[in-house]
Amino acid sequence: MSSPSSPTASQPGERILAINPGSTSTKVALYEGETEVFSETVEHPRDELAAFPTVIAQYAYRRAAVDALLAEHGMADMPLAAVAGRGGLLPPMPGGAWRITPAMLETLAQARHGEHPCNLGAPLAHDYAARWGVAAFIVDPPVTDEMDEVARISGLPALPRRSVFHALSQRSAARRAATLLGVDYAANRWLVAHMGGGISVAAHRCGRIVDVINALDGDGPIAPERTGRLPSLGVLSLVQDGTYTFEQLRRIILREGGMWAHCGTNDLRVLERRMDGTSCCDKDGTSCCDQDGTPDAGGTPPDAHAALVFEAVAYTIAKEVVSLAPALLDGGSGTGCGEPITGDAACPPRIAGVVLTGGMARSVRLTERLRQRLEWLAPVVVLPEVEEMHALASGVLRVLRGQELPGEYA
């Protein structure tokens, strides 16, 4: 796949439908070139999703919801140029756009590389593309793998490090940060953190994402629902002594750890209200404030434990971001084996920016804490709105405009 060039003006026949299934929602957007026509999210109640034994079994349910949304926007007879779907859990592959093929759909249907709602992105995009008689693609899937070989080595040969992260969000945010700073994304070095229910951190060097802190394998910082990095022997002891079964502990590490385990909430806004003493301490974060925002009789004083957990979240995010700085210093051949830093002006040996994106980046308090700990490395760029839908459409646009060749999944 070729490197992207500068975007051009929208041309006729550049109407792209983008579909992005998430844990409890499906986002749908329509673009005319780079311009968003509409973008909406269909929410799926957890109790309704719980009725399906597997992710792929949710397909008809989610498609019906998307059908209803498209009908509301009068899209039955509206021509399209292509359809973009969120990439799923596939074998490792380079980033960029990939054509959706029968082999890809079979891999996702069988969940050979893991269960996740993102596995529905390609099937949905494929079927809507077939309805309109156009091509379908995924863009920067979460298994995007451009890691240096040295970054794959763990302390146990049987457990190499994997590249699974918020690739679509990360690359989109880094490109947006480059535009804001007036530089070229592919000609600079970046540290990027996507901060949501899971938190992934990556090093972007000269257009490649060369090392990743994998939020899905139990690595990384303390997150709203995930434990992040834990002492390995302590984890083994919890299974050995019967405190948890393997499946129980797996669920805790991925869904019931982090902020939830410490404070009973996965909502950073609730945690901050508790820090300020403006809400109840119920696990659902039910407000105990009067209409003027002051605590009523059921309110609580400032919660020191919530403040400590908040600081731990901020501290561990910053620690993981800084830990990837050495990945930006290799010469750029891709081996990561200590080549000297090049003096090539095409990719100067400095960090152009630290980029913070994802839902948690909406917290001014959190981003300011992170700025205090990270701005000595490089300018900190905060992009709270994750432009994943725009990133999907833009990736397909680069293909339609001949700026990038799509991968062919076999």
# chains A, B, ... in the order shown; residues from 1 in each chain; ligands from 1
>>> select_by_dssp(residues="range 121-229 of chain A", states="strand (DSSP E or B)", output="PyMOL selection string")
chain A and resi 135-139+144+189-195+199-205+208-213
>>> write_last_selection(atoms="N, CA, C and O atoms", output="JSON list (two decimals), in the first residue's frame")
[["chain", "number", "residue", "atom", "x", "y", "z"],
["A", 135, "ALA", "N", -17.82, -1.38, -3.95],
["A", 135, "ALA", "CA", -16.79, -2.07, -3.18],
["A", 135, "ALA", "C", -16.90, -1.75, -1.69],
["A", 135, "ALA", "O", -17.41, -0.70, -1.30],
["A", 136, "ALA", "N", -16.41, -2.67, -0.88],
["A", 136, "ALA", "CA", -16.41, -2.49, 0.58],
["A", 136, "ALA", "C", -14.99, -2.67, 1.12],
["A", 136, "ALA", "O", -14.23, -3.53, 0.64],
["A", 137, "PHE", "N", -14.66, -1.88, 2.14],
["A", 137, "PHE", "CA", -13.31, -1.89, 2.71],
["A", 137, "PHE", "C", -13.37, -1.80, 4.23],
["A", 137, "PHE", "O", -14.34, -1.29, 4.80],
["A", 138, "ILE", "N", -12.30, -2.25, 4.88],
["A", 138, "ILE", "CA", -12.02, -1.89, 6.26],
["A", 138, "ILE", "C", -10.79, -0.98, 6.23],
["A", 138, "ILE", "O", -10.04, -0.98, 5.25],
["A", 139, "VAL", "N", -10.59, -0.21, 7.31],
["A", 139, "VAL", "CA", -9.48, 0.74, 7.37],
["A", 139, "VAL", "C", -8.83, 0.66, 8.74],
["A", 139, "VAL", "O", -9.51, 0.70, 9.77],
["A", 144, "THR", "N", -3.84, -3.95, 13.31],
["A", 144, "THR", "CA", -2.77, -3.32, 12.54],
["A", 144, "THR", "C", -1.43, -3.62, 13.19],
["A", 144, "THR", "O", -1.24, -3.35, 14.38],
["A", 189, "ARG", "N", 7.51, 12.00, 14.33],
["A", 189, "ARG", "CA", 7.41, 10.95, 15.36],
["A", 189, "ARG", "C", 6.43, 11.41, 16.43],
["A", 189, "ARG", "O", 6.46, 12.57, 16.86],
["A", 190, "TRP", "N", 5.56, 10.47, 16.85],
["A", 190, "TRP", "CA", 4.44, 10.81, 17.72],
["A", 190, "TRP", "C", 4.26, 9.76, 18.81],
["A", 190, "TRP", "O", 4.51, 8.57, 18.57],
["A", 191, "LEU", "N", 3.79, 10.19, 19.97],
["A", 191, "LEU", "CA", 3.30, 9.29, 21.01],
["A", 191, "LEU", "C", 1.81, 9.56, 21.16],
["A", 191, "LEU", "O", 1.40, 10.71, 21.36],
["A", 192, "VAL", "N", 1.00, 8.51, 21.05],
["A", 192, "VAL", "CA", -0.45, 8.68, 21.02],
["A", 192, "VAL", "C", -1.09, 7.77, 22.06],
["A", 192, "VAL", "O", -0.75, 6.59, 22.17],
["A", 193, "ALA", "N", -2.05, 8.32, 22.82],
["A", 193, "ALA", "CA", -2.83, 7.53, 23.78],
["A", 193, "ALA", "C", -4.31, 7.66, 23.44],
["A", 193, "ALA", "O", -4.84, 8.78, 23.38],
["A", 194, "HIS", "N", -4.95, 6.52, 23.18],
["A", 194, "HIS", "CA", -6.42, 6.48, 23.07],
["A", 194, "HIS", "C", -6.94, 6.08, 24.43],
["A", 194, "HIS", "O", -6.62, 5.00, 24.95],
["A", 195, "MET", "N", -7.79, 6.92, 25.02],
["A", 195, "MET", "CA", -8.25, 6.72, 26.39],
["A", 195, "MET", "C", -9.76, 6.56, 26.41],
["A", 195, "MET", "O", -10.52, 7.52, 26.31],
["A", 199, "ILE", "N", -7.43, 1.51, 27.38],
["A", 199, "ILE", "CA", -6.47, 2.56, 27.02],
["A", 199, "ILE", "C", -5.30, 1.92, 26.29],
["A", 199, "ILE", "O", -4.65, 1.02, 26.83],
["A", 200, "SER", "N", -5.05, 2.36, 25.07],
["A", 200, "SER", "CA", -3.89, 1.88, 24.33],
["A", 200, "SER", "C", -2.96, 3.04, 24.04],
["A", 200, "SER", "O", -3.39, 4.18, 23.86],
["A", 201, "VAL", "N", -1.67, 2.74, 24.01],
["A", 201, "VAL", "CA", -0.63, 3.74, 23.76],
["A", 201, "VAL", "C", 0.25, 3.20, 22.64],
["A", 201, "VAL", "O", 0.52, 1.99, 22.59],
["A", 202, "ALA", "N", 0.69, 4.08, 21.74],
["A", 202, "ALA", "CA", 1.51, 3.62, 20.62],
["A", 202, "ALA", "C", 2.53, 4.67, 20.22],
["A", 202, "ALA", "O", 2.33, 5.87, 20.44],
["A", 203, "ALA", "N", 3.62, 4.17, 19.63],
["A", 203, "ALA", "CA", 4.68, 5.03, 19.10],
["A", 203, "ALA", "C", 4.56, 5.03, 17.58],
["A", 203, "ALA", "O", 4.64, 3.98, 16.94],
["A", 204, "HIS", "N", 4.36, 6.22, 17.00],
["A", 204, "HIS", "CA", 4.23, 6.39, 15.55],
["A", 204, "HIS", "C", 5.53, 7.01, 15.03],
["A", 204, "HIS", "O", 5.84, 8.15, 15.37],
["A", 205, "ARG", "N", 6.26, 6.27, 14.22],
["A", 205, "ARG", "CA", 7.55, 6.75, 13.72],
["A", 205, "ARG", "C", 7.54, 6.82, 12.20],
["A", 205, "ARG", "O", 7.47, 5.78, 11.54],
["A", 208, "ARG", "N", 4.84, 4.84, 10.43],
["A", 208, "ARG", "CA", 4.59, 3.48, 10.92],
["A", 208, "ARG", "C", 4.36, 3.49, 12.41],
["A", 208, "ARG", "O", 4.95, 4.29, 13.13],
["A", 209, "ILE", "N", 3.49, 2.57, 12.87],
["A", 209, "ILE", "CA", 3.22, 2.44, 14.30],
["A", 209, "ILE", "C", 4.10, 1.29, 14.80],
["A", 209, "ILE", "O", 3.77, 0.12, 14.65],
["A", 210, "VAL", "N", 5.24, 1.64, 15.38],
["A", 210, "VAL", "CA", 6.33, 0.68, 15.57],
["A", 210, "VAL", "C", 6.32, -0.02, 16.91],
["A", 210, "VAL", "O", 7.04, -1.02, 17.10],
["A", 211, "ASP", "N", 5.53, 0.46, 17.87],
["A", 211, "ASP", "CA", 5.38, -0.26, 19.13],
["A", 211, "ASP", "C", 4.04, 0.13, 19.74],
["A", 211, "ASP", "O", 3.56, 1.26, 19.55],
["A", 212, "VAL", "N", 3.44, -0.82, 20.46],
["A", 212, "VAL", "CA", 2.08, -0.67, 20.95],
["A", 212, "VAL", "C", 1.98, -1.22, 22.37],
["A", 212, "VAL", "O", 2.55, -2.27, 22.67],
["A", 213, "ILE", "N", 1.28, -0.52, 23.23],
["A", 213, "ILE", "CA", 0.89, -1.06, 24.53],
["A", 213, "ILE", "C", -0.52, -1.60, 24.35],
["A", 213, "ILE", "O", -1.47, -0.85, 24.15]]
>>> residues_around(residues="Met259 in chain A", least_positions_apart="4", cutoff="12 Å", atoms="only C-alpha atoms", output="ChimeraX atom specification")
/A:196-198,221-228,252-255,263-272,283,305-314
>>> write_last_selection(atoms="N, CA, C and O atoms", output="tab-separated table (two decimals), in the first residue's frame")
chain	number	residue	atom	x	y	z
A	196	GLY	N	-10.21	5.31	26.49
A	196	GLY	CA	-11.62	4.99	26.58
A	196	GLY	C	-11.83	3.96	27.67
A	196	GLY	O	-11.15	3.95	28.69
A	197	GLY	N	-12.78	3.02	27.45
A	197	GLY	CA	-12.97	1.93	28.40
A	197	GLY	C	-11.69	1.13	28.56
A	197	GLY	O	-11.36	0.63	29.63
A	198	GLY	N	-10.96	0.98	27.44
A	198	GLY	CA	-9.60	0.46	27.45
A	198	GLY	C	-8.68	1.57	26.97
A	198	GLY	O	-9.10	2.49	26.27
A	221	PRO	N	-2.00	1.04	31.19
A	221	PRO	CA	-2.36	1.76	32.41
A	221	PRO	C	-3.67	1.30	33.02
A	221	PRO	O	-4.42	0.54	32.41
A	222	ILE	N	-3.94	1.77	34.22
A	222	ILE	CA	-5.25	1.54	34.85
A	222	ILE	C	-6.30	2.27	34.02
A	222	ILE	O	-6.14	3.44	33.67
A	223	ALA	N	-7.37	1.57	33.67
A	223	ALA	CA	-8.40	2.11	32.79
A	223	ALA	C	-9.76	2.06	33.49
A	223	ALA	O	-9.88	1.49	34.58
A	224	PRO	N	-10.79	2.64	32.89
A	224	PRO	CA	-12.11	2.60	33.53
A	224	PRO	C	-12.60	1.20	33.84
A	224	PRO	O	-13.22	0.97	34.89
A	225	GLU	N	-12.36	0.23	32.93
A	225	GLU	CA	-12.87	-1.13	33.13
A	225	GLU	C	-11.76	-2.18	33.17
A	225	GLU	O	-12.02	-3.32	33.52
A	226	ARG	N	-10.55	-1.82	32.79
A	226	ARG	CA	-9.47	-2.80	32.68
A	226	ARG	C	-8.42	-2.54	33.74
A	226	ARG	O	-8.13	-1.40	34.09
A	227	THR	N	-7.84	-3.64	34.23
A	227	THR	CA	-6.87	-3.51	35.31
A	227	THR	C	-5.58	-2.85	34.85
A	227	THR	O	-4.89	-2.21	35.63
A	228	GLY	N	-5.23	-3.04	33.57
A	228	GLY	CA	-3.90	-2.65	33.14
A	228	GLY	C	-2.88	-3.63	33.66
A	228	GLY	O	-3.19	-4.74	34.11
A	252	ILE	N	-12.46	-9.94	34.98
A	252	ILE	CA	-12.05	-8.82	35.82
A	252	ILE	C	-10.99	-7.98	35.13
A	252	ILE	O	-11.07	-6.75	35.09
A	253	ILE	N	-10.00	-8.64	34.54
A	253	ILE	CA	-8.91	-7.91	33.88
A	253	ILE	C	-9.42	-7.06	32.74
A	253	ILE	O	-8.96	-5.93	32.53
A	254	LEU	N	-10.41	-7.55	31.99
A	254	LEU	CA	-10.88	-6.85	30.79
A	254	LEU	C	-12.14	-6.02	30.99
A	254	LEU	O	-12.36	-5.06	30.24
A	255	ARG	N	-12.98	-6.37	31.98
A	255	ARG	CA	-14.28	-5.70	32.10
A	255	ARG	C	-14.63	-5.19	33.49
A	255	ARG	O	-15.49	-4.33	33.63
A	263	CYS	N	-13.65	1.74	42.61
A	263	CYS	CA	-14.67	2.73	42.99
A	263	CYS	C	-16.08	2.38	42.55
A	263	CYS	O	-17.01	3.16	42.79
A	264	GLY	N	-16.26	1.24	41.85
A	264	GLY	CA	-17.60	0.85	41.46
A	264	GLY	C	-18.20	1.67	40.35
A	264	GLY	O	-19.41	1.71	40.19
A	265	THR	N	-17.37	2.36	39.56
A	265	THR	CA	-17.87	3.11	38.40
A	265	THR	C	-16.83	3.03	37.29
A	265	THR	O	-15.62	2.98	37.56
A	266	ASN	N	-17.32	3.01	36.04
A	266	ASN	CA	-16.40	3.08	34.90
A	266	ASN	C	-16.55	4.43	34.20
A	266	ASN	O	-16.08	4.61	33.07
A	267	ASP	N	-17.18	5.38	34.87
A	267	ASP	CA	-17.45	6.70	34.30
A	267	ASP	C	-16.54	7.72	34.99
A	267	ASP	O	-16.69	8.01	36.19
A	268	LEU	N	-15.61	8.29	34.23
A	268	LEU	CA	-14.67	9.25	34.80
A	268	LEU	C	-15.39	10.48	35.36
A	268	LEU	O	-14.95	11.07	36.35
A	269	ARG	N	-16.52	10.84	34.75
A	269	ARG	CA	-17.27	11.99	35.24
A	269	ARG	C	-17.80	11.75	36.65
A	269	ARG	O	-17.78	12.65	37.50
A	270	VAL	N	-18.26	10.53	36.90
A	270	VAL	CA	-18.74	10.17	38.23
A	270	VAL	C	-17.59	10.23	39.24
A	270	VAL	O	-17.73	10.76	40.34
A	271	LEU	N	-16.44	9.70	38.84
A	271	LEU	CA	-15.27	9.71	39.73
A	271	LEU	C	-14.90	11.14	40.10
A	271	LEU	O	-14.61	11.44	41.27
A	272	GLU	N	-14.93	12.05	39.13
A	272	GLU	CA	-14.57	13.44	39.40
A	272	GLU	C	-15.59	14.11	40.30
A	272	GLU	O	-15.23	14.92	41.16
A	283	LYS	N	-22.86	2.71	43.25
A	283	LYS	CA	-22.09	2.22	42.11
A	283	LYS	C	-22.58	2.78	40.79
A	283	LYS	O	-21.83	2.90	39.84
A	305	HIS	N	-10.42	8.67	48.47
A	305	HIS	CA	-10.03	7.46	47.75
A	305	HIS	C	-10.26	7.63	46.24
A	305	HIS	O	-9.42	7.24	45.43
A	306	ALA	N	-11.36	8.24	45.86
A	306	ALA	CA	-11.61	8.51	44.45
A	306	ALA	C	-10.53	9.40	43.88
A	306	ALA	O	-10.07	9.19	42.74
A	307	ALA	N	-10.10	10.40	44.66
A	307	ALA	CA	-9.04	11.29	44.18
A	307	ALA	C	-7.74	10.53	43.98
A	307	ALA	O	-7.00	10.78	43.01
A	308	LEU	N	-7.44	9.60	44.87
A	308	LEU	CA	-6.21	8.82	44.75
A	308	LEU	C	-6.26	7.92	43.52
A	308	LEU	O	-5.26	7.80	42.78
A	309	VAL	N	-7.41	7.28	43.27
A	309	VAL	CA	-7.55	6.42	42.09
A	309	VAL	C	-7.42	7.26	40.82
A	309	VAL	O	-6.77	6.85	39.85
A	310	PHE	N	-8.04	8.44	40.81
A	310	PHE	CA	-7.90	9.34	39.65
A	310	PHE	C	-6.44	9.64	39.38
A	310	PHE	O	-5.97	9.59	38.23
A	311	GLU	N	-5.70	9.97	40.42
A	311	GLU	CA	-4.28	10.28	40.25
A	311	GLU	C	-3.51	9.06	39.73
A	311	GLU	O	-2.59	9.20	38.92
A	312	ALA	N	-3.90	7.87	40.19
A	312	ALA	CA	-3.23	6.66	39.73
A	312	ALA	C	-3.49	6.41	38.26
A	312	ALA	O	-2.59	5.99	37.51
A	313	VAL	N	-4.72	6.67	37.82
A	313	VAL	CA	-5.04	6.53	36.39
A	313	VAL	C	-4.17	7.48	35.57
A	313	VAL	O	-3.53	7.08	34.59
A	314	ALA	N	-4.13	8.75	35.97
A	314	ALA	CA	-3.33	9.74	35.24
A	314	ALA	C	-1.85	9.37	35.26
A	314	ALA	O	-1.15	9.46	34.23
>>> closest_residue(among="A:Val55, A:Leu80, A:Leu69, A:Leu236", to="Asn119 in chain A", atoms="only C-alpha atoms")
A:Val55
>>> select_by_dssp(residues="range 15-209 of chain A", states="alpha helix (DSSP H)", output="PyMOL selection string")
chain A and resi 46-49+59-72+102-109+121-132+149-152+167-181
